[in-house]
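Heads up, final03.cif below (mmCIF, C-alpha atoms):
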```
data_model
loop_
_atom_site.label_atom_id
_atom_site.label_comp_id
_atom_site.auth_asym_id
_atom_site.auth_seq_id
_atom_site.Cartn_x
_atom_site.Cartn_y
_atom_site.Cartn_z
CA ARG Q 1 -6.03 86.29 28.21
CA ASP Q 2 -9.60 85.76 27.10
CA GLY Q 3 -12.74 86.06 29.14
CA GLN Q 4 -16.42 87.02 29.33
CA LEU Q 5 -18.36 89.56 31.35
CA ARG Q 6 -22.11 89.83 31.86
CA HIS Q 7 -23.87 93.00 33.05
CA ALA Q 8 -27.16 94.81 32.44
CA GLY Q 9 -26.21 95.60 28.84
CA GLY Q 10 -25.62 91.96 27.89
CA LEU Q 11 -22.74 89.47 27.58
CA PHE Q 12 -19.23 90.67 26.58
CA THR Q 13 -16.30 88.54 25.43
CA TRP Q 14 -12.71 89.87 25.32
CA HIS Q 15 -9.57 88.56 23.69
CA ARG Q 16 -5.91 89.54 23.75
CA CYS Q 17 -4.10 89.41 20.42
CA SER Q 18 -1.68 91.30 18.20
CA PRO Q 19 -3.03 94.25 16.22
CA SER Q 20 -2.58 92.37 12.92
CA ASN Q 21 -5.26 89.86 13.89
CA ILE Q 22 -7.96 92.44 14.54
CA LEU Q 23 -11.08 91.81 12.53
CA ASP Q 24 -12.81 94.73 10.91
CA GLU Q 25 -16.31 94.22 12.27
CA SER Q 26 -18.70 96.91 13.39
CA GLN Q 27 -19.81 94.92 16.45
CA ILE Q 28 -16.26 94.77 17.93
CA HIS Q 29 -15.33 97.44 20.55
CA ILE Q 30 -11.57 98.25 20.58
CA ILE Q 31 -9.51 99.58 23.51
CA GLY Q 32 -5.89 100.56 22.65
CA GLY Q 33 -2.69 100.48 24.72
CA ASP Q 34 1.04 101.03 24.10
CA ASP Q 35 1.77 97.49 23.01
CA PHE Q 36 -1.58 95.79 22.89
CA LEU Q 37 -5.17 96.20 21.83
CA VAL Q 38 -8.20 94.78 23.57
CA PHE Q 39 -11.39 94.28 21.58
CA ALA Q 40 -14.73 93.04 22.89
CA SER Q 41 -17.59 91.56 20.88
CA GLU Q 42 -21.08 92.05 22.26
CA ILE Q 43 -23.66 89.31 22.29
CA VAL Q 44 -26.97 90.82 23.23
CA ALA Q 45 -29.05 88.66 25.51
CA PRO Q 46 -32.33 89.11 23.56
CA GLU Q 47 -30.61 87.72 20.43
CA TRP Q 48 -29.70 84.58 22.32
CA ASN Q 49 -33.26 84.29 23.58
CA GLY Q 50 -34.57 84.51 20.03
CA TYR Q 51 -32.01 81.98 18.84
CA PHE Q 52 -32.96 79.45 21.50
CA ALA Q 53 -36.67 80.13 20.88
CA ALA Q 54 -36.21 79.30 17.20
CA ILE Q 55 -34.38 76.08 18.11
CA ARG Q 56 -37.11 75.16 20.59
CA GLU Q 57 -39.81 75.84 17.99
CA SER Q 58 -37.98 73.67 15.45
CA PHE Q 59 -37.75 70.83 17.97
CA LEU Q 60 -41.45 71.14 18.76
CA ILE Q 61 -42.42 71.04 15.08
CA THR Q 62 -40.09 68.12 14.40
CA GLY Q 63 -41.35 66.25 17.46
CA GLY Q 64 -44.95 66.83 16.44
CA LEU Q 65 -44.28 65.51 12.95
CA LEU Q 66 -42.54 62.45 14.37
CA LEU Q 67 -45.51 61.75 16.65
CA VAL Q 68 -47.90 62.02 13.70
CA LEU Q 69 -45.73 59.68 11.63
CA LEU Q 70 -45.53 57.21 14.50
CA ALA Q 71 -49.30 57.29 14.93
CA ILE Q 72 -49.83 56.72 11.18
CA SER Q 73 -47.27 53.89 11.17
CA ALA Q 74 -48.91 52.23 14.18
CA ARG Q 75 -52.34 52.52 12.58
CA PHE Q 76 -51.04 51.09 9.30
CA PHE Q 77 -49.35 48.23 11.16
CA LEU Q 78 -52.55 47.34 13.01
CA LEU Q 79 -54.66 47.49 9.85
CA ASN Q 80 -52.11 45.43 7.96
CA ARG Q 81 -51.99 42.86 10.74
CA ARG Q 82 -55.79 42.61 10.82
CA ALA Q 83 -55.86 42.24 7.04
CA LEU Q 84 -53.29 39.43 7.21
CA ILE Q 85 -55.27 37.66 9.93
CA GLU Q 86 -58.48 37.98 7.91
CA LEU Q 87 -56.70 36.78 4.77
CA ARG Q 88 -55.35 33.78 6.64
CA LYS Q 89 -58.84 32.93 7.92
CA ASN Q 90 -60.23 33.13 4.40
CA GLU Q 91 -57.44 30.92 3.10
CA GLN Q 92 -58.13 28.33 5.80
CA MET Q 93 -61.86 28.45 5.01
CA PHE Q 94 -61.12 27.95 1.32
CA GLU Q 95 -58.79 25.06 2.18
CA ARG Q 96 -61.55 23.29 4.13
CA PHE Q 97 -64.14 23.97 1.45
CA PHE Q 98 -61.85 22.79 -1.33
CA GLU Q 99 -60.74 19.57 0.33
CA ASN Q 100 -64.18 18.66 1.74
CA ALA Q 101 -66.17 19.44 -1.40
CA PRO Q 102 -68.61 16.62 -2.28
CA ASP Q 103 -67.39 16.62 -5.90
CA ALA Q 104 -64.05 16.44 -7.65
CA THR Q 105 -62.68 19.99 -7.75
CA ILE Q 106 -59.72 21.52 -9.54
CA LEU Q 107 -58.31 25.03 -9.82
CA VAL Q 108 -57.19 26.16 -13.28
CA ASN Q 109 -55.21 29.28 -14.27
CA ARG Q 110 -55.47 31.39 -17.42
CA ALA Q 111 -52.97 29.19 -19.23
CA GLY Q 112 -55.22 26.18 -18.71
CA LYS Q 113 -52.85 24.59 -16.19
CA ILE Q 114 -54.17 22.67 -13.19
CA VAL Q 115 -52.75 24.38 -10.10
CA ARG Q 116 -54.69 22.45 -7.49
CA ALA Q 117 -56.86 19.35 -7.11
CA ASN Q 118 -58.72 17.77 -4.20
CA ALA Q 119 -58.73 14.15 -3.09
CA LEU Q 120 -61.84 13.17 -5.08
CA VAL Q 121 -60.04 14.01 -8.31
CA GLU Q 122 -57.65 11.14 -7.63
CA SER Q 123 -60.43 8.56 -7.29
CA MET Q 124 -62.44 9.93 -10.20
CA PHE Q 125 -59.60 10.10 -12.72
CA ARG Q 126 -57.48 7.32 -11.16
CA SER Q 127 -54.43 9.60 -11.02
CA GLN Q 128 -52.35 11.00 -8.21
CA ARG Q 129 -52.78 14.71 -7.58
CA ALA Q 130 -49.05 15.29 -7.96
CA GLU Q 131 -49.29 13.90 -11.50
CA LEU Q 132 -52.06 16.34 -12.45
CA ILE Q 133 -50.54 19.56 -11.10
CA ASP Q 134 -49.15 21.78 -13.90
CA GLN Q 135 -50.80 19.58 -16.53
CA ASN Q 136 -53.19 21.04 -19.11
CA VAL Q 137 -56.79 20.64 -18.07
CA GLU Q 138 -57.50 19.27 -21.55
CA GLN Q 139 -55.79 16.06 -20.44
CA LEU Q 140 -58.95 15.28 -18.44
CA MET Q 141 -61.24 15.36 -21.49
CA PRO Q 142 -61.49 13.22 -24.62
CA GLU Q 143 -59.20 14.26 -27.43
CA ARG Q 144 -62.11 15.24 -29.68
CA TYR Q 145 -62.96 18.13 -27.32
CA ARG Q 146 -59.49 19.49 -26.64
CA LEU Q 147 -59.03 21.85 -29.58
CA ARG Q 148 -62.36 23.60 -29.04
CA HIS Q 149 -61.85 23.83 -25.30
CA ARG Q 150 -58.82 26.11 -25.64
CA ALA Q 151 -60.94 28.82 -27.29
CA HIS Q 152 -63.72 28.33 -24.72
CA LEU Q 153 -61.21 28.74 -21.87
CA THR Q 154 -59.91 32.03 -23.30
CA GLY Q 155 -63.47 33.30 -23.64
CA TYR Q 156 -64.32 32.32 -20.08
CA PHE Q 157 -61.44 34.29 -18.56
CA ALA Q 158 -62.40 37.28 -20.73
CA HIS Q 159 -65.92 37.21 -19.21
CA PRO Q 160 -65.72 35.17 -15.99
CA GLN Q 161 -68.94 34.17 -14.27
CA SER Q 162 -70.43 31.24 -12.42
CA ARG Q 163 -72.15 28.95 -14.90
CA ALA Q 164 -72.49 25.39 -16.11
CA MET Q 165 -70.00 24.28 -18.73
CA GLY Q 166 -71.28 23.06 -22.07
CA GLY Q 167 -74.60 24.90 -22.24
CA GLY Q 168 -76.85 21.78 -22.34
CA LEU Q 169 -74.38 19.61 -24.25
CA GLU Q 170 -73.38 16.15 -23.11
CA LEU Q 171 -69.90 16.33 -21.61
CA PHE Q 172 -67.43 13.52 -21.05
CA ALA Q 173 -64.20 13.20 -19.11
CA VAL Q 174 -61.43 10.66 -19.57
CA ARG Q 175 -59.55 8.68 -16.93
CA SER Q 176 -55.86 7.93 -16.95
CA ASP Q 177 -56.62 4.48 -18.42
CA GLY Q 178 -58.44 6.08 -21.36
CA SER Q 179 -61.98 5.16 -20.28
CA GLU Q 180 -64.62 7.87 -20.70
CA PHE Q 181 -67.53 8.77 -18.41
CA PRO Q 182 -70.29 11.42 -18.54
CA VAL Q 183 -69.93 14.48 -16.33
CA ASP Q 184 -71.58 17.72 -15.30
CA ILE Q 185 -69.15 20.63 -14.86
CA MET Q 186 -69.67 23.91 -13.03
CA LEU Q 187 -67.31 26.89 -13.42
CA SER Q 188 -66.75 29.71 -10.95
CA PRO Q 189 -64.18 32.55 -11.05
CA VAL Q 190 -61.91 32.81 -8.00
CA GLU Q 191 -59.62 35.79 -7.37
CA THR Q 192 -56.38 34.74 -5.67
CA ASP Q 193 -53.14 36.48 -4.70
CA LYS Q 194 -51.66 35.07 -7.92
CA GLY Q 195 -54.42 36.29 -10.18
CA LEU Q 196 -57.78 35.06 -11.45
CA LYS Q 197 -58.40 31.31 -11.44
CA ALA Q 198 -61.30 29.12 -12.52
CA LEU Q 199 -62.80 26.76 -9.94
CA VAL Q 200 -63.96 23.66 -11.82
CA VAL Q 201 -66.39 21.29 -10.07
CA ILE Q 202 -66.77 17.93 -11.83
CA ARG Q 203 -69.55 15.47 -11.06
CA ASP Q 204 -69.67 11.93 -12.40
CA ILE Q 205 -73.22 11.35 -13.68
CA THR Q 206 -72.75 7.76 -14.85
CA ASP Q 207 -75.46 6.44 -12.50
CA ARG Q 208 -77.90 9.16 -13.52
CA LYS Q 209 -77.34 8.44 -17.19
CA ARG Q 210 -77.84 4.73 -16.57
CA ILE Q 211 -81.17 5.37 -14.86
CA GLU Q 212 -82.26 7.69 -17.67
CA GLN Q 213 -81.33 5.03 -20.22
CA MET Q 214 -83.30 2.38 -18.35
CA HIS Q 215 -86.29 4.71 -18.25
CA LEU Q 216 -86.11 5.28 -22.01
CA GLN Q 217 -85.81 1.57 -22.68
CA PHE Q 218 -88.79 0.78 -20.47
CA ARG Q 219 -90.84 3.49 -22.13
CA ALA Q 220 -89.96 2.21 -25.60
CA LEU Q 221 -90.86 -1.35 -24.57
CA PHE Q 222 -94.12 -0.23 -23.01
CA GLU Q 223 -95.20 1.69 -26.11
CA SER Q 224 -94.31 -1.23 -28.42
CA VAL Q 225 -96.76 -3.63 -26.70
CA PRO Q 226 -100.16 -3.75 -28.53
CA GLY Q 227 -103.30 -2.82 -26.66
CA SER Q 228 -104.20 -0.17 -24.11
CA TYR Q 229 -102.73 -0.05 -20.63
CA LEU Q 230 -103.28 2.07 -17.57
CA VAL Q 231 -100.41 2.50 -15.14
CA LEU Q 232 -101.41 3.18 -11.54
CA LYS Q 233 -99.06 4.44 -8.82
CA PRO Q 234 -99.81 3.85 -5.14
CA ASP Q 235 -100.32 6.86 -2.94
CA LEU Q 236 -97.26 7.59 -0.83
#
```

So, in terms of structure tokens, how does the structure I just supplied come out?
Amino acid sequence: RDGQLRHAGGLFTWHRCSPSNILDESQIHIIGGDDFLVFASEIVAPEWNGYFAAIRESFLITGGLLLVLLAISARFFLLNRRALIELRKNEQMFERFFENAPDATILVNRAGKIVRANALVESMFRSQRAELIDQNVEQLMPERYRLRHRAHLTGYFAHPQSRAMGGGLELFAVRSDGSEFPVDIMLSPVETDKGLKALVVIRDITDRKRIEQMHLQFRALFESVPGSYLVLKPDL
């Protein structure tokens, strides 16, 4: 029969077995009889206390680490959520700006592909937006400019900045029916989640050019008339 006994010296466990099963351990106390042996192994109470203290300390350390990890995870989740909300707000603001821009506006990637166009592009170029998406931006300019534009586009993405396109040159765009019209073009770099894009704002300046031409014609006519003339303007 097996059993345990606790007294002031600690906790004792005893077992009954045949002599051949006796283990040779220094901590086992042996009591002999005629046909049996009784051996008792001692488990000192302070050792158990130390064992449980070590387990308790391990649990405390592990629990503390888990709490720290949970706090970090919660903080990261909140920051990530705020960032997503802010990103969504910025996207919505860009959407409103892009669609409500007073000029035709397109978004072009590094490959020169049109990735987005607003409603005014349709009326200006007489093409549906769906037809322009993924098309080369060179399709919107006369053929005589297309070869040079490819090199200019590569240079722009190498050194992106907000500036007017053409540097004082007269620029023209071409509609889907092949008709050309004068334009002013502004370029601005835009960083998106899919990489750097160029925001291209196109303004039809046909009316302005017509007025300038009329002014030049009137001036030429005025200077061709013999005699001296004084032009007076009324006070406004």

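The closest residue to Leu199 in chain Q, picked from Q:Arg116, Q:His159, Q:Arg88, Q:Arg81 and counting all atoms listed in the file, is Q:Arg116.
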
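Once Ala101 in chain Q and its same-chain neighbours fewer than 2 positions away are set aside, Glu95, Arg96, Phe97, Phe98, Glu99, Asp103, Ala104, Thr105, Asn118, Ala119, Leu120 and Val201 of chain Q remain within 10 Å of it when counting only C-alpha atoms.
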
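Remark: for Ile202 in chain Q, the closest of the candidate residues Q:Leu132, Q:Arg126, Q:His215, Q:Ile185 is Q:Ile185 (distances computed over only C-alpha atoms).
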
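With all atoms listed in the file as the basis for measurement, Q:Tyr156 is the residue among Q:Phe218, Q:Tyr156, Q:Phe125, Q:Phe77 that approaches Leu187 in chain Q most closely.
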
Kindly compute an axis-aligned box around the listed atoms of range 144-160 of chain Q, allowing 3 Å on each side, and express its centre and edge lengths in Å to one decimal as JSON.
```
{"center_x": -62.4, "center_y": 26.3, "center_z": -22.8, "size_x": 13.1, "size_y": 28.0, "size_z": 19.7}
```

Please provide the set of residues having any atom within 8 Å of Leu140 in chain Q, restricted to all atoms listed in the file, with same-chain residues fewer than 3 positions apart removed, written as a PyMOL selection string.
chain Q and resi 125+137+173-175

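One distance worth recording is that between CA of Ser127 in chain Q and CA of Val115 in chain Q, which is 14.9 Å.
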
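Residue nearest Leu196 in chain Q, chosen from Q:Leu70, Q:Leu78, Q:Leu107, Q:Ile211 and counting only C-alpha atoms: Q:Leu107.
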